[in-house]
$ cat input17.txt   # compact mmCIF, C-alpha atoms
# COMPACT_ATOMS: atom_id res chain seq x y z
CA MET A 1 9.51 -4.24 25.55
CA ALA A 2 10.61 -7.47 24.00
CA GLY A 3 14.30 -8.31 24.22
CA ARG A 4 16.44 -9.08 21.21
CA SER A 5 16.19 -12.87 21.52
CA LEU A 6 12.47 -12.80 22.23
CA GLY A 7 11.96 -10.42 19.32
CA LYS A 8 13.69 -12.80 16.92
CA ALA A 9 11.50 -15.63 18.08
CA LEU A 10 8.35 -13.53 17.74
CA ALA A 11 9.37 -12.42 14.25
CA ALA A 12 9.86 -16.02 13.16
CA VAL A 13 6.54 -17.09 14.71
CA SER A 14 4.69 -14.15 13.13
CA LEU A 15 6.08 -15.02 9.70
CA SER A 16 5.10 -18.68 10.04
CA VAL A 17 1.58 -17.84 11.18
CA ALA A 18 1.14 -15.28 8.41
CA LEU A 19 2.32 -17.68 5.72
CA ALA A 20 -0.05 -20.31 7.05
CA ALA A 21 -2.86 -17.74 6.93
CA VAL A 22 -2.19 -17.15 3.24
CA THR A 23 -2.52 -20.86 2.48
CA VAL A 24 -5.73 -21.25 4.47
CA ARG A 25 -7.44 -18.11 3.20
CA SER A 26 -6.42 -18.63 -0.40
CA SER A 27 -7.85 -22.14 -0.45
CA GLY A 28 -11.19 -20.85 0.79
CA CYS A 29 -11.69 -18.11 -1.77
CA GLY A 30 -13.61 -20.14 -4.27
CA GLY A 31 -16.82 -20.11 -2.26
CA ILE A 32 -17.07 -16.35 -1.92
CA PRO A 33 -19.93 -14.85 -3.95
CA ALA A 34 -19.02 -12.48 -6.77
CA TYR A 35 -20.93 -9.61 -5.17
CA SER A 36 -21.04 -8.55 -1.55
CA ASN A 37 -21.67 -5.37 0.41
CA SER A 38 -19.21 -6.22 3.14
CA PHE A 39 -15.44 -6.66 3.08
CA SER A 40 -14.51 -10.03 1.68
CA SER A 41 -12.70 -12.37 4.04
CA CYS A 42 -10.66 -13.52 1.06
CA TRP A 43 -7.73 -11.13 1.21
CA PHE A 44 -4.07 -11.69 0.66
CA HIS A 45 -2.53 -11.05 4.08
CA LEU A 46 1.10 -11.50 3.21
CA ASN A 47 3.19 -11.75 0.09
CA ALA A 48 6.06 -14.16 0.68
CA ASN A 49 8.36 -12.29 -1.69
CA ILE A 50 7.80 -8.96 0.05
CA MET A 51 8.28 -10.24 3.57
CA SER A 52 11.06 -12.79 3.05
CA GLY A 53 13.60 -10.41 4.60
CA SER A 54 12.74 -11.73 8.07
CA ASN A 55 14.59 -14.96 7.37
CA GLY A 56 16.97 -13.73 4.69
CA ALA A 57 15.84 -11.97 1.55
CA LYS A 58 15.18 -13.45 -1.85
CA ASP A 59 16.70 -11.70 -4.86
CA ASN A 60 13.42 -10.01 -5.84
CA SER A 61 12.35 -8.86 -2.38
CA HIS A 62 12.66 -5.62 -0.48
CA ASN A 63 14.18 -3.74 -3.41
CA LYS A 64 12.52 -0.33 -3.47
CA ALA A 65 13.19 0.10 0.25
CA ARG A 66 16.94 -0.03 -0.51
CA THR A 67 17.09 2.45 -3.40
CA SER A 68 19.14 5.66 -3.37
CA PRO A 69 18.98 8.56 -3.19
CA TYR A 70 16.24 8.60 -0.59
CA PRO A 71 13.08 10.26 -2.03
CA GLY A 72 13.10 14.04 -1.89
CA SER A 73 16.75 14.22 -0.82
CA LYS A 74 20.34 13.58 -1.82
CA VAL A 75 20.82 11.08 1.01
CA GLU A 76 22.48 7.84 -0.07
CA ARG A 77 21.61 4.69 1.86
CA SER A 78 24.30 2.30 3.02
CA GLN A 79 24.32 -0.52 0.49
CA VAL A 80 22.64 -3.71 1.67
CA PRO A 81 23.29 -6.83 -0.45
CA ASN A 82 20.44 -9.28 -0.90
CA GLU A 83 22.04 -11.90 1.30
CA LYS A 84 22.26 -9.46 4.25
CA VAL A 85 18.77 -7.97 4.20
CA GLY A 86 17.41 -10.38 6.82
CA TRP A 87 17.95 -9.47 10.48
CA LEU A 88 18.78 -13.06 11.35
CA VAL A 89 21.90 -12.76 9.22
CA GLU A 90 24.79 -11.53 11.40
CA TRP A 91 26.38 -8.32 10.13
CA GLN A 92 28.55 -6.66 12.75
CA ASP A 93 29.81 -3.99 10.33
CA TYR A 94 26.33 -2.81 9.36
CA ASN A 95 26.44 1.01 9.51
CA PRO A 96 23.20 2.54 8.22
CA VAL A 97 22.82 6.25 7.51
CA GLU A 98 20.66 8.28 9.93
CA TYR A 99 18.05 10.48 8.24
CA THR A 100 14.74 12.06 9.15
CA ALA A 101 13.38 14.77 6.86
CA VAL A 102 13.18 18.36 8.13
CA SER A 103 9.45 18.35 7.37
CA VAL A 104 9.02 15.49 9.86
CA LEU A 105 11.30 16.98 12.51
CA ALA A 106 9.25 20.21 12.35
CA GLY A 107 6.59 18.35 14.34
CA PRO A 108 3.44 18.40 12.17
CA ARG A 109 0.34 16.84 13.72
CA TRP A 110 0.74 13.67 11.63
CA ALA A 111 4.26 12.95 12.91
CA ASP A 112 5.66 11.46 16.12
CA PRO A 113 8.28 13.28 18.19
CA GLN A 114 11.84 11.98 18.25
CA ILE A 115 12.35 8.83 20.30
CA SER A 116 14.81 10.74 22.50
CA GLU A 117 12.16 13.19 23.74
CA SER A 118 11.35 12.43 27.38
CA SER A 119 7.64 13.20 26.96
CA PHE A 120 7.27 10.63 24.17
CA SER A 121 6.43 7.09 25.34
CA PRO A 122 4.92 5.21 22.39
CA LYS A 123 3.15 1.89 22.92
CA PHE A 124 4.55 -0.19 20.10
CA ASN A 125 2.73 -3.31 18.86
CA GLU A 126 -0.61 -2.03 20.18
CA LYS A 127 -3.22 0.69 19.78
CA ASP A 128 -1.67 3.83 21.23
CA GLY A 129 -4.59 6.15 21.90
CA HIS A 130 -5.93 6.98 18.43
CA VAL A 131 -2.66 5.97 16.74
CA GLU A 132 -2.51 2.40 15.43
CA ARG A 133 0.99 1.03 16.11
CA LYS A 134 0.11 -2.62 15.48
CA SER A 135 1.48 -4.12 12.30
CA GLN A 136 -0.79 -6.04 9.96
CA ASN A 137 2.01 -8.62 9.70
CA GLY A 138 2.24 -9.43 13.42
CA LEU A 139 4.65 -8.41 16.16
CA TYR A 140 7.81 -6.50 15.29
CA GLU A 141 10.95 -6.22 17.39
CA ILE A 142 12.02 -3.16 19.38
CA GLU A 143 15.75 -2.52 19.56
CA ASN A 144 17.28 0.34 21.56
CA GLY A 145 13.84 1.88 21.88
CA ARG A 146 13.24 1.87 18.13
CA PRO A 147 10.93 -0.45 16.15
CA ARG A 148 12.69 -2.63 13.59
CA ASN A 149 11.49 -3.09 10.03
CA PRO A 150 10.08 -6.67 9.84
CA ALA A 151 11.18 -7.06 6.20
CA GLY A 152 14.84 -6.45 6.96
CA ARG A 153 17.62 -3.90 6.60
CA THR A 154 17.20 -0.84 4.36
CA GLY A 155 20.56 0.93 4.84
CA LEU A 156 18.92 3.87 6.58
CA VAL A 157 17.71 4.51 10.14
CA GLY A 158 15.38 7.21 11.44
CA ARG A 159 12.05 7.94 9.76
CA GLY A 160 12.93 9.58 6.46
CA LEU A 161 9.70 11.12 5.17
CA LEU A 162 7.42 8.94 7.31
CA GLY A 163 5.71 10.44 10.32
CA ARG A 164 5.33 7.41 12.59
CA TRP A 165 7.94 5.21 14.17
CA GLY A 166 7.07 1.67 13.13
CA PRO A 167 4.14 1.01 10.78
CA ASN A 168 2.63 3.92 8.86
CA HIS A 169 -0.84 2.84 7.77
CA ALA A 170 -2.31 3.78 4.39
CA ALA A 171 -5.33 2.83 2.30
CA ASP A 172 -5.43 2.37 -1.49
CA PRO A 173 -8.78 2.36 -3.35
CA ILE A 174 -8.56 0.42 -6.63
CA ILE A 175 -11.51 1.58 -8.73
CA THR A 176 -12.18 -0.63 -11.76
CA ARG A 177 -14.55 -0.98 -14.71
CA TRP A 178 -14.64 -3.09 -17.88
CA LYS A 179 -13.23 -1.55 -21.04
CA ARG A 180 -16.07 -1.23 -23.54
CA ASP A 181 -16.47 -0.38 -27.21
CA SER A 182 -18.70 2.37 -28.62
CA SER A 183 -21.69 0.01 -28.46
CA GLY A 184 -21.14 -0.70 -24.76
CA ASN A 185 -19.83 -4.24 -25.23
CA LYS A 186 -16.92 -5.50 -23.15
CA ILE A 187 -13.66 -5.60 -25.08
CA THR A 188 -11.81 -8.91 -25.15
CA HIS A 189 -8.03 -9.11 -25.45
CA PRO A 190 -7.14 -10.81 -28.76
CA VAL A 191 -4.44 -13.04 -27.26
CA SER A 192 -5.63 -14.02 -23.77
CA GLY A 193 -9.30 -14.08 -24.72
CA LYS A 194 -10.19 -12.37 -21.43
CA HIS A 195 -12.05 -9.10 -20.92
CA ILE A 196 -9.88 -6.03 -20.38
CA LEU A 197 -10.21 -4.33 -17.00
CA GLN A 198 -9.38 -0.67 -16.39
CA PHE A 199 -8.49 1.15 -13.18
CA VAL A 200 -8.18 4.78 -12.14
CA ALA A 201 -4.49 5.73 -11.94
CA ILE A 202 -2.87 8.95 -10.75
CA LYS A 203 0.55 10.39 -11.51
CA ARG A 204 2.19 11.31 -8.22
CA LYS A 205 3.56 14.82 -7.88
CA ASP A 206 6.40 13.77 -5.58
CA CYS A 207 8.10 11.23 -7.86
CA GLY A 208 6.30 11.38 -11.20
CA GLU A 209 5.34 7.69 -11.10
CA TRP A 210 1.87 6.36 -11.90
CA ALA A 211 0.10 4.83 -8.92
CA ILE A 212 -3.14 3.82 -7.28
CA PRO A 213 -4.81 6.78 -5.52
CA GLY A 214 -4.49 6.58 -1.77
CA GLY A 215 -3.00 8.04 1.36
CA MET A 216 -2.44 7.84 5.07
CA VAL A 217 -5.10 6.76 7.55
CA ASP A 218 -5.73 9.60 10.00
CA PRO A 219 -5.67 8.73 13.73
CA GLY A 220 -9.02 7.21 14.69
CA GLU A 221 -10.24 7.15 11.06
CA LYS A 222 -11.92 4.06 9.62
CA ILE A 223 -10.26 2.49 6.58
CA SER A 224 -13.49 2.84 4.58
CA ALA A 225 -13.50 6.59 5.24
CA THR A 226 -9.86 6.92 4.19
CA LEU A 227 -10.48 5.06 0.93
CA LYS A 228 -13.38 7.31 -0.04
CA ARG A 229 -11.66 10.53 1.08
CA GLU A 230 -8.40 9.84 -0.74
CA PHE A 231 -10.10 8.87 -3.99
CA GLY A 232 -12.20 12.03 -3.90
CA GLU A 233 -9.21 14.27 -3.16
CA GLU A 234 -6.76 12.78 -5.66
CA ALA A 235 -8.94 11.54 -8.52
CA LEU A 236 -11.85 14.01 -8.38
CA ASN A 237 -10.16 17.12 -6.91
CA SER A 238 -12.92 17.30 -4.31
CA LEU A 239 -10.98 19.71 -2.08
CA GLN A 240 -11.31 22.47 -4.69
CA LYS A 241 -15.01 22.01 -5.43
CA SER A 242 -17.93 24.19 -4.37
CA SER A 243 -20.33 23.01 -1.67
CA ALA A 244 -22.89 21.97 -4.29
CA GLU A 245 -20.26 20.08 -6.30
CA LYS A 246 -18.98 18.35 -3.17
CA ARG A 247 -22.49 17.13 -2.35
CA GLU A 248 -22.86 15.69 -5.86
CA ILE A 249 -19.47 13.99 -5.64
CA GLU A 250 -20.31 12.58 -2.21
CA GLU A 251 -23.61 11.18 -3.54
CA GLN A 252 -21.88 9.36 -6.39
CA LEU A 253 -19.03 8.16 -4.16
CA HIS A 254 -21.55 6.74 -1.71
CA LYS A 255 -23.01 4.65 -4.56
CA LEU A 256 -19.56 3.57 -5.74
CA PHE A 257 -18.26 2.61 -2.31
CA SER A 258 -21.47 0.71 -1.56
CA GLN A 259 -20.74 -1.58 -4.52
CA GLU A 260 -19.35 -5.08 -4.27
CA HIS A 261 -15.70 -4.89 -3.24
CA LEU A 262 -12.72 -7.06 -2.41
CA VAL A 263 -9.92 -6.52 0.09
CA ILE A 264 -7.01 -7.38 -2.19
CA TYR A 265 -4.07 -6.94 0.17
CA LYS A 266 -3.24 -6.03 3.75
CA GLY A 267 0.30 -5.68 5.04
CA TYR A 268 3.84 -4.46 4.47
CA VAL A 269 4.65 -2.48 1.31
CA ASP A 270 8.07 -2.37 -0.37
CA ASP A 271 8.15 1.44 -0.50
CA PRO A 272 11.14 3.71 -1.28
CA ARG A 273 10.32 5.77 1.84
CA ASN A 274 10.85 2.83 4.21
CA THR A 275 13.68 2.81 6.73
CA ASP A 276 14.94 0.40 9.37
CA ASN A 277 12.63 2.09 11.89
CA ALA A 278 9.61 3.23 9.88
CA TRP A 279 7.76 1.51 7.06
CA MET A 280 4.58 1.62 4.99
CA GLU A 281 1.68 -0.80 5.38
CA THR A 282 -1.54 -0.61 3.42
CA GLU A 283 -4.97 -2.05 2.84
CA ALA A 284 -5.75 -2.17 -0.87
CA VAL A 285 -9.46 -2.51 -1.66
CA ASN A 286 -11.03 -3.02 -5.08
CA TYR A 287 -14.36 -1.31 -5.78
CA HIS A 288 -15.76 -2.46 -9.11
CA ASP A 289 -18.27 -0.47 -11.19
CA GLU A 290 -19.71 -3.39 -13.15
CA THR A 291 -21.83 -1.35 -15.58
CA GLY A 292 -19.66 1.77 -15.53
CA GLU A 293 -22.72 3.96 -14.94
CA ILE A 294 -21.54 5.38 -11.62
CA MET A 295 -18.15 6.51 -12.88
CA ASP A 296 -19.82 7.93 -16.00
CA ASN A 297 -21.39 10.48 -13.66
CA LEU A 298 -18.02 11.48 -12.20
CA THR A 299 -15.39 13.51 -14.02
CA LEU A 300 -11.81 12.53 -13.28
CA GLU A 301 -9.74 15.54 -12.24
CA ALA A 302 -6.36 15.37 -10.51
CA GLY A 303 -6.09 17.02 -7.13
CA ASP A 304 -4.10 17.13 -3.88
CA ASP A 305 -0.98 14.90 -4.32
CA ALA A 306 -1.90 13.87 -7.88
CA GLY A 307 -0.57 15.66 -10.97
CA LYS A 308 -2.61 13.68 -13.49
CA VAL A 309 -5.41 11.09 -13.44
CA LYS A 310 -6.80 8.73 -16.08
CA TRP A 311 -8.27 5.32 -16.78
CA VAL A 312 -5.54 2.75 -17.52
CA ASP A 313 -5.86 -0.69 -19.12
CA ILE A 314 -4.67 -3.42 -16.77
CA SER A 315 -1.86 -5.67 -18.03
CA ASP A 316 1.57 -6.95 -17.03
CA LYS A 317 3.14 -4.04 -18.93
CA LEU A 318 2.20 -1.61 -16.15
CA LYS A 319 5.03 0.20 -14.36
CA LEU A 320 3.67 1.53 -11.09
CA TYR A 321 4.84 3.03 -7.80
CA ALA A 322 6.01 0.82 -4.90
CA SER A 323 4.08 -2.51 -4.82
CA HIS A 324 1.07 -1.20 -6.74
CA ALA A 325 1.59 -3.37 -9.83
CA HIS A 326 1.38 -6.43 -7.57
CA PHE A 327 -1.96 -5.23 -6.18
CA ILE A 328 -3.32 -4.63 -9.69
CA LYS A 329 -2.26 -8.12 -10.75
CA LEU A 330 -4.22 -9.56 -7.82
CA VAL A 331 -7.30 -7.60 -8.94
CA ALA A 332 -7.00 -8.98 -12.48
CA GLU A 333 -6.72 -12.51 -11.12
CA LYS A 334 -9.74 -12.12 -8.84
CA ARG A 335 -11.84 -10.58 -11.64
CA ASP A 336 -10.64 -13.19 -14.16
CA ALA A 337 -9.55 -10.31 -16.40
CA HIS A 338 -6.72 -10.00 -18.89
CA TRP A 339 -3.25 -9.63 -17.38
CA SER A 340 -0.64 -11.19 -19.64
CA GLU A 341 -0.34 -12.32 -23.26
CA ALA A 342 1.73 -15.29 -22.11
CA SER A 343 -0.14 -18.53 -21.58
CA GLU A 344 -0.45 -20.01 -18.11
CA ALA A 345 1.93 -22.75 -19.17
CA ASP A 346 4.56 -20.17 -20.13
$ encode --input "input17.txt" --output "C-alpha cells"
Amino acid sequence: MAGRSLGKALAAVSLSVALAAVTVRSSGCGGIPAYSNSFSSCWFHLNANIMSGSNGAKDNSHNKARTSPYPGSKVERSQVPNEKVGWLVEWQDYNPVEYTAVSVLAGPRWADPQISESSFSPKFNEKDGHVERKSQNGLYEIENGRPRNPAGRTGLVGRGLLGRWGPNHAADPIITRWKRDSSGNKITHPVSGKHILQFVAIKRKDCGEWAIPGGMVDPGEKISATLKREFGEEALNSLQKSSAEKREIEEQLHKLFSQEHLVIYKGYVDDPRNTDNAWMETEAVNYHDETGEIMDNLTLEAGDDAGKVKWVDISDKLKLYASHAHFIKLVAEKRDAHWSEASEAD
C-alpha cells in the first residue's frame, strides 16, 4: 500500500494528468461525427470544480458531500469549511464522525465487510476479482487501511449508505428527444433560438429529488448492461411486467441503446452519500432518440427506486440530485440545444 507521502504525490500527479486529459480531449471533439454506434471518445473525464478538493477546495466544490444530516439518518457530519476540504491542508484537529448504516453492516451481497475483519483483504486501486476498485480519476491514497476520498474531507468516516470501501461505481442513462409541437416540428426556445431538448427524469423515493435514472454497476457487469437495466427498471417498471411485456420492452430498449450515443461524463460525483472512505463515481451516457419514434412505443412508468417518471424540458432552471444538473448541461451543449436564456456574453 502506498505510504502517506507517496499517496500525496500520486494524488497530485493524478489530478494533473486528468486535467491535461480534459484539455486534450475537449479540443478534439469537433471532429467526432454526430452519429455513431460506439462510445464516443469525446467524454468529459474530470470536472475541475468537482475534484478541486485534492489541492484545496474552491467555494463551489464538494458541497453535497458535506451536507447534514447524512441521508436516511439523523447523523450530523463534522463541519468542514471550504478552505479545509483539501487533504493537503494541514488540520490536526479534524475529528470526523464515524458512521456506516445498519443496512450495510448487515452484510448484503453488494457490500464489503468491515475493514477490521481478518478475512477481508481488498485490493485497492485495482480490479479485485469481479469488484472494480480502480477509480476513474486515477490513484487514491490508502491511510490506516482505508481508502481516502480524492475530492477531500467530508466530515464523516466509514461508508454511510455505500457498500464498497473506496469508489462505488454507477451508470446513468440520459435518454433524450426533441420537444415537438402537435405537427411534429421541433420547438425552438423564443429567447435562445435553439431547439428544446427533453430527457427522462425520475423522482427518487429515498430523497424526493428529481434525477437521471441509474444505479450501481453489479460486479462483473458491463456498463452498457447496467445502463439498459436501470432505465428499464426505474423508467419502465420492467421488474413488474409479464414475460410478454418484458420481451416487448427489451426489443424497444435494444433499438434505443443501439442509437447514436455520447459518453458525457466519467468520474467522481459530488453525492450526499459520500464519506471520507467511500464515494460515488459514475459514467453518464446520452442516448438520443432523434425522431422520437422509439420512445413513442414505450410507456413511461416509475418502478424500483423511482416514485415518479416524466419527460422534462432541459434548461438551467433544473434542480436535480447530486451532480445530475451538470451532466444535463453537458448534454445540452453537445446537442447544441437550449440551456439558458442568458446570452453567451452574459
$ closest_residue --input "input17.txt" --among "A:His62, A:Lys179, A:His169, A:Arg146" --to "Met216 (chain A)" --atoms "all atoms listed in the file"
A:His169
$ closest_residue --input "input17.txt" --among "A:Val191, A:Ala325, A:Ala65, A:Leu253" --to "Arg229 (chain A)" --atoms "all atoms listed in the file"
A:Leu253
$ closest_residue --input "input17.txt" --among "A:Arg177, A:Lys246, A:Arg335, A:Arg66" --to "Ala151 (chain A)" --atoms "all atoms listed in the file"
A:Arg66
$ atom_distance --input "input17.txt" --atom1 "CA of Thr291 (chain A)" --atom2 "CA of Ser243 (chain A)"
28.1 Å
$ closest_residue --input "input17.txt" --among "A:Pro167, A:Gly307, A:Pro122, A:Pro150" --to "Trp210 (chain A)" --atoms "all atoms listed in the file"
A:Gly307
$ atom_distance --input "input17.txt" --atom1 "CA of Ser182 (chain A)" --atom2 "CA of Ser315 (chain A)"
21.5 Å
$ closest_residue --input "input17.txt" --among "A:Glu117, A:Val200, A:Asp271, A:Arg153" --to "Tyr94 (chain A)" --atoms "only C-alpha atoms"
A:Arg153
$ atom_distance --input "input17.txt" --atom1 "CA of Lys308 (chain A)" --atom2 "CA of Asn286 (chain A)"
20.5 Å
$ closest_atom_pairs --input "input17.txt" --of "region 274-320 of chain A" --to "region 124-132 of chain A" --cutoff "12 Å" --atoms "only C-alpha atoms" --output "CSV"
residue,atom,partner,partner_atom,distance
A:Asn277,CA,A:Phe124,CA,11.7
A:Ala278,CA,A:Phe124,CA,11.9
A:Glu281,CA,A:Glu132,CA,11.3
$ closest_residue --input "input17.txt" --among "A:Ile202, A:Val89, A:Ala106, A:Ala225" --to "Asp305 (chain A)" --atoms "only C-alpha atoms"
A:Ile202
$ closest_atom_pairs --input "input17.txt" --of "region 176-237 of chain A" --to "region 256-270 of chain A" --cutoff "9 Å" --atoms "only C-alpha atoms" --output "Markdown table"
| residue | atom | partner | partner_atom | distance |
| --- | --- | --- | --- | --- |
| A:Ser224 | CA | A:Phe257 | CA | 8.4 |
| A:Leu227 | CA | A:Phe257 | CA | 8.8 |
| A:Lys228 | CA | A:Phe257 | CA | 7.1 |
$ decode --input "input17.txt" --residues "region 53-154 of chain A" --atoms "C-alpha atoms" --output "PDB file, in the first residue's frame"
ATOM      1  CA  GLY A  53     -10.559  19.288  -3.179  1.00  0.00           C
ATOM      2  CA  SER A  54      -7.284  17.442  -3.827  1.00  0.00           C
ATOM      3  CA  ASN A  55      -5.354  20.699  -3.740  1.00  0.00           C
ATOM      4  CA  GLY A  56      -7.736  22.767  -1.639  1.00  0.00           C
ATOM      5  CA  ALA A  57     -11.387  23.241  -2.483  1.00  0.00           C
ATOM      6  CA  LYS A  58     -12.994  26.067  -4.368  1.00  0.00           C
ATOM      7  CA  ASP A  59     -16.100  27.653  -2.856  1.00  0.00           C
ATOM      8  CA  ASN A  60     -18.478  25.793  -5.194  1.00  0.00           C
ATOM      9  CA  SER A  61     -16.892  22.350  -4.958  1.00  0.00           C
ATOM     10  CA  HIS A  62     -17.590  19.270  -2.912  1.00  0.00           C
ATOM     11  CA  ASN A  63     -20.727  20.716  -1.327  1.00  0.00           C
ATOM     12  CA  LYS A  64     -23.306  17.935  -1.319  1.00  0.00           C
ATOM     13  CA  ALA A  65     -20.764  15.539   0.182  1.00  0.00           C
ATOM     14  CA  ARG A  66     -20.613  17.793   3.272  1.00  0.00           C
ATOM     15  CA  THR A  67     -24.341  18.237   3.919  1.00  0.00           C
ATOM     16  CA  SER A  68     -26.105  17.169   7.128  1.00  0.00           C
ATOM     17  CA  PRO A  69     -27.924  15.210   8.284  1.00  0.00           C
ATOM     18  CA  TYR A  70     -26.495  12.261   6.398  1.00  0.00           C
ATOM     19  CA  PRO A  71     -29.175  10.780   4.066  1.00  0.00           C
ATOM     20  CA  GLY A  72     -31.571   8.387   5.755  1.00  0.00           C
ATOM     21  CA  SER A  73     -30.303   9.205   9.247  1.00  0.00           C
ATOM     22  CA  LYS A  74     -30.016  11.866  11.930  1.00  0.00           C
ATOM     23  CA  VAL A  75     -26.213  11.749  11.820  1.00  0.00           C
ATOM     24  CA  GLU A  76     -24.583  15.171  11.654  1.00  0.00           C
ATOM     25  CA  ARG A  77     -21.235  15.447   9.901  1.00  0.00           C
ATOM     26  CA  SER A  78     -18.355  17.351  11.451  1.00  0.00           C
ATOM     27  CA  GLN A  79     -18.334  20.733   9.750  1.00  0.00           C
ATOM     28  CA  VAL A  80     -15.637  21.155   7.116  1.00  0.00           C
ATOM     29  CA  PRO A  81     -15.013  24.739   5.918  1.00  0.00           C
ATOM     30  CA  ASN A  82     -14.194  25.259   2.252  1.00  0.00           C
ATOM     31  CA  GLU A  83     -10.583  26.130   2.951  1.00  0.00           C
ATOM     32  CA  LYS A  84     -10.006  22.810   4.781  1.00  0.00           C
ATOM     33  CA  VAL A  85     -11.606  20.372   2.352  1.00  0.00           C
ATOM     34  CA  GLY A  86      -8.327  19.529   0.623  1.00  0.00           C
ATOM     35  CA  TRP A  87      -6.166  16.818   2.203  1.00  0.00           C
ATOM     36  CA  LEU A  88      -3.014  18.813   1.540  1.00  0.00           C
ATOM     37  CA  VAL A  89      -4.254  21.418   4.002  1.00  0.00           C
ATOM     38  CA  GLU A  90      -2.993  20.537   7.500  1.00  0.00           C
ATOM     39  CA  TRP A  91      -5.783  20.119  10.048  1.00  0.00           C
ATOM     40  CA  GLN A  92      -4.607  18.356  13.189  1.00  0.00           C
ATOM     41  CA  ASP A  93      -7.935  18.871  14.989  1.00  0.00           C
ATOM     42  CA  TYR A  94     -10.004  17.229  12.246  1.00  0.00           C
ATOM     43  CA  ASN A  95     -12.400  14.852  14.039  1.00  0.00           C
ATOM     44  CA  PRO A  96     -14.896  13.315  11.598  1.00  0.00           C
ATOM     45  CA  VAL A  97     -17.930  11.340  12.743  1.00  0.00           C
ATOM     46  CA  GLU A  98     -17.866   7.556  12.200  1.00  0.00           C
ATOM     47  CA  TYR A  99     -20.991   6.153  10.528  1.00  0.00           C
ATOM     48  CA  THR A 100     -21.916   3.110   8.485  1.00  0.00           C
ATOM     49  CA  ALA A 101     -25.605   2.344   8.026  1.00  0.00           C
ATOM     50  CA  VAL A 102     -27.086  -0.763   9.655  1.00  0.00           C
ATOM     51  CA  SER A 103     -28.258  -1.933   6.222  1.00  0.00           C
ATOM     52  CA  VAL A 104     -24.617  -2.007   5.085  1.00  0.00           C
ATOM     53  CA  LEU A 105     -23.291  -3.626   8.262  1.00  0.00           C
ATOM     54  CA  ALA A 106     -25.880  -6.412   7.828  1.00  0.00           C
ATOM     55  CA  GLY A 107     -23.629  -7.767   5.070  1.00  0.00           C
ATOM     56  CA  PRO A 108     -25.771  -7.785   1.896  1.00  0.00           C
ATOM     57  CA  ARG A 109     -24.121  -9.236  -1.207  1.00  0.00           C
ATOM     58  CA  TRP A 110     -23.488  -5.756  -2.640  1.00  0.00           C
ATOM     59  CA  ALA A 111     -21.485  -4.579   0.393  1.00  0.00           C
ATOM     60  CA  ASP A 112     -17.922  -5.139   1.603  1.00  0.00           C
ATOM     61  CA  PRO A 113     -17.183  -6.432   5.104  1.00  0.00           C
ATOM     62  CA  GLN A 114     -15.691  -4.084   7.677  1.00  0.00           C
ATOM     63  CA  ILE A 115     -12.019  -3.272   7.155  1.00  0.00           C
ATOM     64  CA  SER A 116     -11.270  -4.782  10.580  1.00  0.00           C
ATOM     65  CA  GLU A 117     -12.430  -8.272   9.554  1.00  0.00           C
ATOM     66  CA  SER A 118      -9.398 -10.553   9.223  1.00  0.00           C
ATOM     67  CA  SER A 119     -10.825 -12.406   6.220  1.00  0.00           C
ATOM     68  CA  PHE A 120     -11.223  -9.179   4.224  1.00  0.00           C
ATOM     69  CA  SER A 121      -8.162  -8.156   2.171  1.00  0.00           C
ATOM     70  CA  PRO A 122      -9.325  -5.752  -0.545  1.00  0.00           C
ATOM     71  CA  LYS A 123      -7.032  -4.865  -3.446  1.00  0.00           C
ATOM     72  CA  PHE A 124      -7.485  -1.132  -3.662  1.00  0.00           C
ATOM     73  CA  ASN A 125      -6.631   0.776  -6.857  1.00  0.00           C
ATOM     74  CA  GLU A 126      -7.059  -2.365  -8.980  1.00  0.00           C
ATOM     75  CA  LYS A 127      -9.588  -4.928 -10.179  1.00  0.00           C
ATOM     76  CA  ASP A 128     -10.348  -7.102  -7.159  1.00  0.00           C
ATOM     77  CA  GLY A 129     -11.878 -10.260  -8.589  1.00  0.00           C
ATOM     78  CA  HIS A 130     -15.189  -9.097 -10.083  1.00  0.00           C
ATOM     79  CA  VAL A 131     -15.212  -5.910  -7.978  1.00  0.00           C
ATOM     80  CA  GLU A 132     -13.780  -2.810  -9.658  1.00  0.00           C
ATOM     81  CA  ARG A 133     -11.797  -0.853  -7.043  1.00  0.00           C
ATOM     82  CA  LYS A 134      -9.985   1.388  -9.524  1.00  0.00           C
ATOM     83  CA  SER A 135     -11.095   4.998  -9.588  1.00  0.00           C
ATOM     84  CA  GLN A 136     -11.903   6.688 -12.880  1.00  0.00           C
ATOM     85  CA  ASN A 137      -9.928   9.685 -11.589  1.00  0.00           C
ATOM     86  CA  GLY A 138      -6.632   7.851 -11.020  1.00  0.00           C
ATOM     87  CA  LEU A 139      -4.907   6.516  -7.920  1.00  0.00           C
ATOM     88  CA  TYR A 140      -6.285   7.323  -4.484  1.00  0.00           C
ATOM     89  CA  GLU A 141      -4.422   7.187  -1.190  1.00  0.00           C
ATOM     90  CA  ILE A 142      -4.810   4.497   1.465  1.00  0.00           C
ATOM     91  CA  GLU A 143      -4.486   5.652   5.065  1.00  0.00           C
ATOM     92  CA  ASN A 144      -4.662   3.288   8.042  1.00  0.00           C
ATOM     93  CA  GLY A 145      -6.016   0.595   5.749  1.00  0.00           C
ATOM     94  CA  ARG A 146      -8.858   2.786   4.484  1.00  0.00           C
ATOM     95  CA  PRO A 147      -9.147   4.471   1.065  1.00  0.00           C
ATOM     96  CA  ARG A 148      -9.289   8.258   1.160  1.00  0.00           C
ATOM     97  CA  ASN A 149     -11.784  10.332  -0.789  1.00  0.00           C
ATOM     98  CA  PRO A 150      -9.784  12.006  -3.619  1.00  0.00           C
ATOM     99  CA  ALA A 151     -12.004  15.115  -3.535  1.00  0.00           C
ATOM    100  CA  GLY A 152     -11.248  15.886   0.096  1.00  0.00           C
ATOM    101  CA  ARG A 153     -12.743  15.807   3.582  1.00  0.00           C
ATOM    102  CA  THR A 154     -16.472  15.218   4.107  1.00  0.00           C
TER     103      THR A 154
END
